[in-house]
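Peer 1: File follows, coords.txt with compact mmCIF, C-alpha atoms:
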```
# COMPACT_ATOMS: atom_id res chain seq x y z
CA MET A 43 -44.47 12.56 34.67
CA LEU A 44 -40.88 13.59 35.32
CA PRO A 45 -39.82 16.68 33.34
CA TRP A 46 -37.12 14.88 31.39
CA LYS A 47 -39.61 12.35 30.11
CA ARG A 48 -41.54 15.10 28.40
CA VAL A 49 -38.56 15.86 26.18
CA LEU A 50 -37.54 12.30 25.31
CA ARG A 51 -39.73 12.03 22.27
CA PRO A 52 -38.99 15.56 21.01
CA LEU A 53 -35.27 14.89 21.39
CA ALA A 54 -35.55 11.62 19.48
CA ALA A 55 -37.56 13.41 16.83
CA LEU A 56 -34.88 16.09 16.65
CA LEU A 57 -32.18 13.50 16.06
CA LEU A 58 -34.24 11.87 13.34
CA THR A 59 -35.08 15.21 11.79
CA ALA A 60 -31.41 16.15 11.69
CA ALA A 61 -30.66 12.94 9.87
CA VAL A 62 -33.57 13.36 7.47
CA ALA A 63 -32.38 16.87 6.67
CA THR A 64 -29.27 15.36 5.11
CA LEU A 65 -31.25 13.36 2.58
CA PRO A 66 -31.17 14.26 -1.11
CA ALA A 67 -34.22 15.77 -2.70
CA ALA A 68 -34.19 12.75 -4.99
CA THR A 69 -35.63 10.64 -2.17
CA ALA A 70 -39.06 11.63 -3.40
CA GLN A 71 -38.52 9.23 -6.28
CA ALA A 72 -39.91 5.73 -6.04
CA ALA A 73 -37.47 2.99 -5.14
CA SER A 74 -38.40 1.32 -8.43
CA ALA A 75 -37.06 4.26 -10.45
CA PRO A 76 -34.90 3.45 -13.47
CA SER A 77 -31.40 2.42 -12.46
CA SER A 78 -29.61 3.67 -15.59
CA GLY A 79 -28.14 0.29 -16.40
CA TRP A 80 -26.98 -0.94 -13.02
CA ASN A 81 -28.44 -3.93 -11.13
CA ASP A 82 -28.14 -5.91 -14.36
CA PHE A 83 -27.75 -9.51 -13.22
CA SER A 84 -26.79 -10.57 -16.73
CA CYS A 85 -23.66 -8.39 -16.54
CA LYS A 86 -20.40 -10.34 -16.69
CA PRO A 87 -17.28 -8.68 -15.26
CA SER A 88 -14.53 -7.93 -17.74
CA ALA A 89 -10.88 -8.85 -17.52
CA ALA A 90 -10.14 -5.19 -16.82
CA HIS A 91 -12.69 -5.05 -13.97
CA PRO A 92 -13.14 -8.64 -12.79
CA ARG A 93 -15.04 -7.89 -9.59
CA PRO A 94 -18.64 -6.64 -9.37
CA VAL A 95 -19.21 -3.52 -7.27
CA VAL A 96 -21.94 -3.54 -4.64
CA LEU A 97 -23.12 -0.10 -3.49
CA VAL A 98 -24.42 0.16 0.08
CA HIS A 99 -26.63 3.18 0.82
CA GLY A 100 -26.62 5.25 4.00
CA THR A 101 -29.12 5.73 6.81
CA LEU A 102 -32.51 6.88 5.48
CA GLY A 103 -31.34 6.24 1.93
CA ASN A 104 -32.25 3.52 -0.53
CA SER A 105 -30.73 1.52 -3.37
CA ILE A 106 -31.66 4.05 -6.06
CA ASP A 107 -31.56 7.57 -4.69
CA ASN A 108 -28.18 7.24 -3.02
CA TRP A 109 -26.54 6.16 -6.28
CA LEU A 110 -28.09 8.19 -9.09
CA SER A 111 -24.66 9.64 -9.87
CA LEU A 112 -22.04 7.15 -8.68
CA ALA A 113 -23.66 4.02 -10.15
CA PRO A 114 -23.68 5.39 -13.74
CA TYR A 115 -20.18 6.81 -13.17
CA LEU A 116 -18.85 3.32 -12.42
CA LYS A 117 -21.04 1.62 -15.01
CA ASP A 118 -19.66 3.94 -17.70
CA ARG A 119 -16.17 2.86 -16.68
CA GLY A 120 -16.90 -0.79 -17.35
CA TYR A 121 -17.95 -2.14 -13.96
CA CYS A 122 -20.86 -4.44 -13.19
CA VAL A 123 -22.65 -2.40 -10.54
CA TYR A 124 -25.29 -3.43 -8.03
CA SER A 125 -27.10 -1.86 -5.10
CA LEU A 126 -29.38 -3.20 -2.39
CA ASP A 127 -31.96 -1.99 0.07
CA TYR A 128 -31.40 -2.94 3.69
CA GLY A 129 -32.54 -2.09 7.19
CA GLN A 130 -36.23 -1.59 6.36
CA LEU A 131 -38.68 -1.01 9.21
CA PRO A 132 -42.27 -2.25 8.87
CA GLY A 133 -44.48 0.35 7.23
CA VAL A 134 -41.58 2.72 6.43
CA LEU A 135 -41.14 3.20 2.69
CA LEU A 136 -38.08 4.61 0.90
CA PHE A 137 -36.26 5.50 4.13
CA HIS A 138 -34.11 2.47 4.87
CA GLY A 139 -31.08 1.71 7.03
CA LEU A 140 -33.10 2.07 10.25
CA GLY A 141 -33.12 -1.56 11.35
CA PRO A 142 -30.52 -3.20 13.63
CA ILE A 143 -27.19 -2.96 11.85
CA ASP A 144 -26.19 -6.55 12.55
CA LYS A 145 -29.38 -7.70 10.81
CA SER A 146 -28.68 -5.31 7.93
CA ALA A 147 -25.27 -6.95 7.58
CA GLU A 148 -27.04 -10.29 7.15
CA GLN A 149 -29.03 -8.77 4.28
CA LEU A 150 -25.79 -7.56 2.71
CA SER A 151 -24.29 -11.03 3.07
CA ALA A 152 -27.20 -12.60 1.21
CA TYR A 153 -27.05 -9.95 -1.49
CA VAL A 154 -23.31 -10.35 -2.09
CA ASP A 155 -23.85 -14.10 -2.44
CA LYS A 156 -26.55 -13.38 -5.04
CA VAL A 157 -24.26 -11.05 -6.99
CA LEU A 158 -21.32 -13.47 -6.93
CA ALA A 159 -23.54 -16.33 -8.08
CA ALA A 160 -24.92 -14.27 -10.97
CA THR A 161 -21.58 -12.88 -12.15
CA GLY A 162 -19.42 -15.91 -11.48
CA ALA A 163 -16.89 -13.72 -9.69
CA ALA A 164 -14.94 -15.01 -6.71
CA GLU A 165 -14.98 -11.66 -4.89
CA ALA A 166 -16.85 -8.37 -4.91
CA ASP A 167 -15.86 -4.82 -4.03
CA LEU A 168 -18.07 -2.81 -1.68
CA VAL A 169 -18.63 0.95 -1.77
CA GLY A 170 -20.74 2.43 1.00
CA HIS A 171 -21.91 5.89 2.01
CA SER A 172 -22.29 6.82 5.70
CA GLN A 173 -23.79 3.80 7.49
CA GLY A 174 -23.15 1.98 4.22
CA GLY A 175 -19.43 2.27 4.90
CA LEU A 176 -19.82 1.15 8.50
CA MET A 177 -22.27 -1.75 8.26
CA PRO A 178 -20.19 -3.86 5.82
CA ARG A 179 -17.43 -4.02 8.41
CA TYR A 180 -19.72 -6.20 10.55
CA TYR A 181 -20.26 -8.47 7.56
CA LEU A 182 -16.51 -8.69 6.98
CA LYS A 183 -15.67 -9.32 10.63
CA PHE A 184 -18.44 -11.58 11.84
CA LEU A 185 -20.34 -13.06 8.87
CA GLY A 186 -17.56 -14.46 6.70
CA GLY A 187 -17.48 -11.53 4.30
CA ALA A 188 -13.69 -11.21 4.33
CA GLY A 189 -13.40 -14.26 2.08
CA LYS A 190 -15.79 -12.77 -0.48
CA VAL A 191 -14.72 -9.12 -0.55
CA ASN A 192 -11.56 -7.62 -2.01
CA ALA A 193 -12.06 -3.97 -1.01
CA LEU A 194 -14.32 -1.78 1.08
CA VAL A 195 -14.51 1.90 0.18
CA GLY A 196 -16.28 4.02 2.80
CA ILE A 197 -17.56 7.44 1.74
CA ALA A 198 -18.02 9.51 4.91
CA PRO A 199 -18.47 6.35 6.99
CA ASP A 200 -19.31 6.76 10.68
CA ASN A 201 -16.86 4.05 11.67
CA HIS A 202 -16.74 5.12 15.30
CA GLY A 203 -20.18 6.64 15.57
CA ALA A 204 -22.00 9.78 14.46
CA THR A 205 -22.43 12.68 16.86
CA LEU A 206 -24.46 14.82 14.40
CA SER A 207 -22.21 17.81 15.13
CA GLY A 208 -22.41 17.10 18.85
CA LEU A 209 -26.17 16.58 19.09
CA THR A 210 -25.88 13.05 20.47
CA ASN A 211 -23.66 14.39 23.24
CA LEU A 212 -26.85 15.75 24.79
CA LEU A 213 -28.33 12.29 25.26
CA PRO A 214 -26.82 11.62 28.71
CA TYR A 215 -28.70 14.65 30.01
CA PHE A 216 -31.99 12.92 29.17
CA PRO A 217 -32.05 9.48 30.83
CA GLY A 218 -33.80 6.97 28.63
CA ALA A 219 -33.43 8.96 25.41
CA ALA A 220 -30.82 6.64 23.92
CA ASP A 221 -32.98 3.63 24.84
CA LEU A 222 -35.96 5.24 23.13
CA ILE A 223 -34.00 5.82 19.94
CA LYS A 224 -32.66 2.26 20.04
CA ALA A 225 -36.18 0.86 20.51
CA THR A 226 -37.83 2.86 17.73
CA THR A 227 -35.00 3.18 15.19
CA PRO A 228 -32.36 0.58 16.11
CA GLY A 229 -30.11 1.55 13.21
CA LEU A 230 -29.78 5.08 14.58
CA GLY A 231 -29.18 3.80 18.10
CA ASP A 232 -26.40 1.53 16.89
CA GLN A 233 -24.57 4.54 15.45
CA ILE A 234 -24.49 6.54 18.67
CA PRO A 235 -20.87 6.64 19.91
CA GLY A 236 -20.36 4.11 22.68
CA SER A 237 -23.24 1.87 21.61
CA ALA A 238 -23.02 -1.87 22.23
CA PHE A 239 -22.88 -2.42 18.48
CA LEU A 240 -19.92 -0.10 17.94
CA THR A 241 -18.12 -1.47 20.98
CA LYS A 242 -18.37 -5.00 19.59
CA LEU A 243 -17.49 -3.97 16.04
CA ASN A 244 -14.36 -2.03 16.94
CA ALA A 245 -13.04 -4.37 19.62
CA ASP A 246 -9.78 -6.10 18.65
CA GLY A 247 -9.09 -3.73 15.77
CA ASP A 248 -10.88 -1.88 13.01
CA THR A 249 -10.02 -4.19 10.12
CA VAL A 250 -9.73 -7.83 9.12
CA PRO A 251 -6.89 -9.38 7.07
CA GLY A 252 -7.29 -9.75 3.33
CA VAL A 253 -9.51 -6.73 2.70
CA HIS A 254 -8.27 -3.40 1.29
CA TYR A 255 -9.87 -0.45 3.10
CA THR A 256 -10.29 3.10 1.85
CA VAL A 257 -11.99 5.91 3.80
CA LEU A 258 -12.98 9.14 2.04
CA ALA A 259 -13.78 12.00 4.42
CA THR A 260 -14.62 15.68 4.16
CA LYS A 261 -13.80 18.19 6.87
CA TYR A 262 -17.20 19.79 6.30
CA ASP A 263 -19.05 16.67 7.45
CA GLU A 264 -21.86 17.57 9.85
CA VAL A 265 -23.10 14.03 10.58
CA ALA A 266 -20.17 11.62 11.02
CA THR A 267 -18.41 13.97 13.40
CA PRO A 268 -15.72 14.62 14.33
CA TRP A 269 -14.64 13.81 10.81
CA ARG A 270 -11.38 12.19 11.91
CA SER A 271 -13.44 9.54 13.71
CA GLN A 272 -14.27 8.14 10.27
CA TYR A 273 -10.69 6.99 9.81
CA LEU A 274 -9.71 3.36 10.31
CA THR A 275 -6.53 1.99 11.78
CA GLY A 276 -5.00 -1.12 10.27
CA PRO A 277 -2.26 -2.54 8.04
CA ASP A 278 -4.20 -2.16 4.77
CA VAL A 279 -5.99 1.16 5.18
CA ARG A 280 -5.90 4.35 3.14
CA ASN A 281 -7.56 7.32 4.85
CA VAL A 282 -8.19 10.27 2.54
CA LEU A 283 -9.37 13.80 3.31
CA LEU A 284 -10.84 15.27 0.13
CA GLN A 285 -9.61 18.76 0.95
CA ASP A 286 -6.03 17.46 0.84
CA LEU A 287 -6.70 16.60 -2.81
CA CYS A 288 -8.74 19.67 -3.66
CA PRO A 289 -8.96 22.53 -1.15
CA LEU A 290 -11.90 23.93 -3.10
CA ASP A 291 -14.07 20.88 -2.43
CA LEU A 292 -16.86 22.05 -0.09
CA SER A 293 -18.85 18.82 0.00
CA GLU A 294 -20.47 17.88 3.29
CA HIS A 295 -21.86 14.52 4.43
CA VAL A 296 -24.53 14.13 1.76
CA ALA A 297 -22.81 15.77 -1.21
CA ILE A 298 -19.68 13.65 -0.92
CA GLY A 299 -21.74 10.54 -1.62
CA LEU A 300 -24.33 11.92 -4.00
CA PHE A 301 -22.51 13.94 -6.61
CA ASP A 302 -18.91 14.74 -5.67
CA ARG A 303 -16.91 13.57 -8.67
CA ILE A 304 -13.65 14.23 -6.84
CA ALA A 305 -14.74 11.59 -4.35
CA PHE A 306 -15.92 9.39 -7.22
CA HIS A 307 -12.47 9.61 -8.82
CA GLU A 308 -10.96 8.36 -5.56
CA VAL A 309 -13.51 5.53 -5.48
CA ALA A 310 -12.38 4.51 -8.97
CA ASN A 311 -8.75 4.65 -7.85
CA ALA A 312 -9.53 2.43 -4.86
CA LEU A 313 -11.31 -0.11 -7.05
CA ASP A 314 -8.44 -0.25 -9.56
CA PRO A 315 -5.28 0.90 -7.77
CA ALA A 316 -3.02 -0.50 -10.52
CA HIS A 317 -4.38 2.16 -12.88
CA ALA A 318 -4.96 4.96 -10.37
CA THR A 319 -4.40 8.53 -11.47
CA ALA A 320 -3.87 11.62 -9.37
CA THR A 321 -7.03 13.16 -7.94
CA THR A 322 -7.16 16.95 -8.17
CA CYS A 323 -9.78 19.65 -8.43
CA ALA A 324 -9.83 18.92 -12.16
CA SER A 325 -11.21 15.47 -11.37
CA ALA A 326 -14.57 17.16 -10.90
CA PHE A 327 -14.74 17.39 -14.69
CA SER A 328 -13.38 13.96 -15.56
```
Could you render the structure from this file as structure tokens?
Peer 2:
Amino acid sequence: MLPWKRVLRPLAALLLTAAVATLPAATAQAASAPSSGWNDFSCKPSAAHPRPVVLVHGTLGNSIDNWLSLAPYLKDRGYCVYSLDYGQLPGVLLFHGLGPIDKSAEQLSAYVDKVLAATGAAEADLVGHSQGGLMPRYYLKFLGGAGKVNALVGIAPDNHGATLSGLTNLLPYFPGAADLIKATTPGLGDQIPGSAFLTKLNADGDTVPGVHYTVLATKYDEVATPWRSQYLTGPDVRNVLLQDLCPLDLSEHVAIGLFDRIAFHEVANALDPAHATATTCASAFS
């Protein structure tokens, strides 16, 4: 066996381990854990908040653990809030978002249709963390989602790939490593910069007409790196660095999506820009 082949599986395991290390401790909870009032398909959007909000978890997350803070935050502010599981691999429980991202986008499409049918709304708003901010862009661009979605808010989205603080830059030194990752965990392979999936997604522009895009980034991100690669370019895009709003915010890739109320305040602003208020360090207590 060639020497490089001996390290292929350890390198793939290292990449996966690095990603797993970013998961919240809450992942130990069952996916059927109480949802604190969200995923209520009897909820009817109000005049103040006429669009349901669909939350899209990140890689290795799930529909409950990723949203234990943000879902109640939005629910308490009068939104009908929903979340889905996607990208499941056979025999892998709780840790989702590992399947091919284009297939995950098909799951999102079906789920949005379900939410719109239940609520009677014409459009939904999407809020995604990490891969959850990236994957919906495929739905918007290739699966007809642009006609059903008003806004996409990406929280630390790896819109142009995730280098894991440069770790994926080592892959070319190990021929076959990227192919191994793609074969075993396609969702991870799709997020490697330069992948066929990302090349297709970002060809001919980052955005589609009719959708309002917001990207929330933190300069302390260690996964979707470099953090500026999260930003989108387009006519209806707002790119936000949290540290420009609050220099004291130290959130990294996981914290920004799990419990950063400064980020949550910006999510609320993006969902209801007509009533947006200034986001500051004090927003952590709002």
Peer 1: Taking all atoms listed in the file into account, name the residue in A:Gly100, A:Gly218, A:Pro235, A:Gly203 that is nearest to A:Val296.
Peer 2: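 So, comparing all the options, the nearest one is A:Gly100.
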Peer 1: Find, counting all atoms listed in the file, the residue in A:Ala220, A:Val279, A:Leu158, A:Ala163 that gets nearest to A:Asp232.
Peer 2: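 Answer, going by the shortest atom-to-atom distance: A:Ala220.
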Peer 1: For atom CA of A:Leu102 and atom CA of A:Gly139, quote the distance in Å rounded to one decimal.
Peer 2: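 For atom CA of A:Leu102 relative to atom CA of A:Gly139, the distance reads 5.6 Å.
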Peer 1: List as a PDB file with C-alpha atoms, in the coordinates of the input the protein and nucleic acid residues near A:Tyr273, meaning an atom at most 9 Å away when only C-alpha atoms are counted, but skip any in the same chain fewer than 6 places from it.
Peer 2:
```pdb
ATOM      1  CA  PRO A 199     -18.470   6.350   6.990  1.00  0.00           C
ATOM      2  CA  ASP A 200     -19.310   6.760  10.680  1.00  0.00           C
ATOM      3  CA  ASN A 201     -16.860   4.050  11.670  1.00  0.00           C
ATOM      4  CA  HIS A 202     -16.740   5.120  15.300  1.00  0.00           C
ATOM      5  CA  THR A 256     -10.290   3.100   1.850  1.00  0.00           C
ATOM      6  CA  VAL A 257     -11.990   5.910   3.800  1.00  0.00           C
ATOM      7  CA  LEU A 258     -12.980   9.140   2.040  1.00  0.00           C
ATOM      8  CA  ALA A 259     -13.780  12.000   4.420  1.00  0.00           C
ATOM      9  CA  VAL A 279      -5.990   1.160   5.180  1.00  0.00           C
ATOM     10  CA  ARG A 280      -5.900   4.350   3.140  1.00  0.00           C
ATOM     11  CA  ASN A 281      -7.560   7.320   4.850  1.00  0.00           C
ATOM     12  CA  VAL A 282      -8.190  10.270   2.540  1.00  0.00           C
TER      13      VAL A 282
END
```
Peer 1: For a quick check of understanding, using only C-alpha atoms, which of A:Tyr124, A:His317, A:Ala324, A:Val98 has the smallest distance to A:Arg303?
Peer 2: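 Checking each candidate against A:Arg303, we get A:Ala324 as the closest.
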Peer 1: Kindly assemble as a Markdown table a list of the stretch 132-203 of chain A residues that lie within 8 Å of stretch 224-230 of chain A, each paired with its nearest atom pair and their distance in Å to one decimal, using all atoms listed in the file, sorted first by chain and then by ascending residue number.
Peer 2:
```
| residue | atom | partner | partner_atom | distance |
| --- | --- | --- | --- | --- |
| A:Gly139 | CA | A:Gly229 | CA | 6.3 |
| A:Leu140 | CA | A:Gly229 | CA | 4.2 |
| A:Gly141 | CA | A:Gly229 | CA | 4.7 |
| A:Pro142 | CA | A:Gly229 | CA | 4.8 |
| A:Ile143 | CA | A:Gly229 | CA | 5.5 |
```
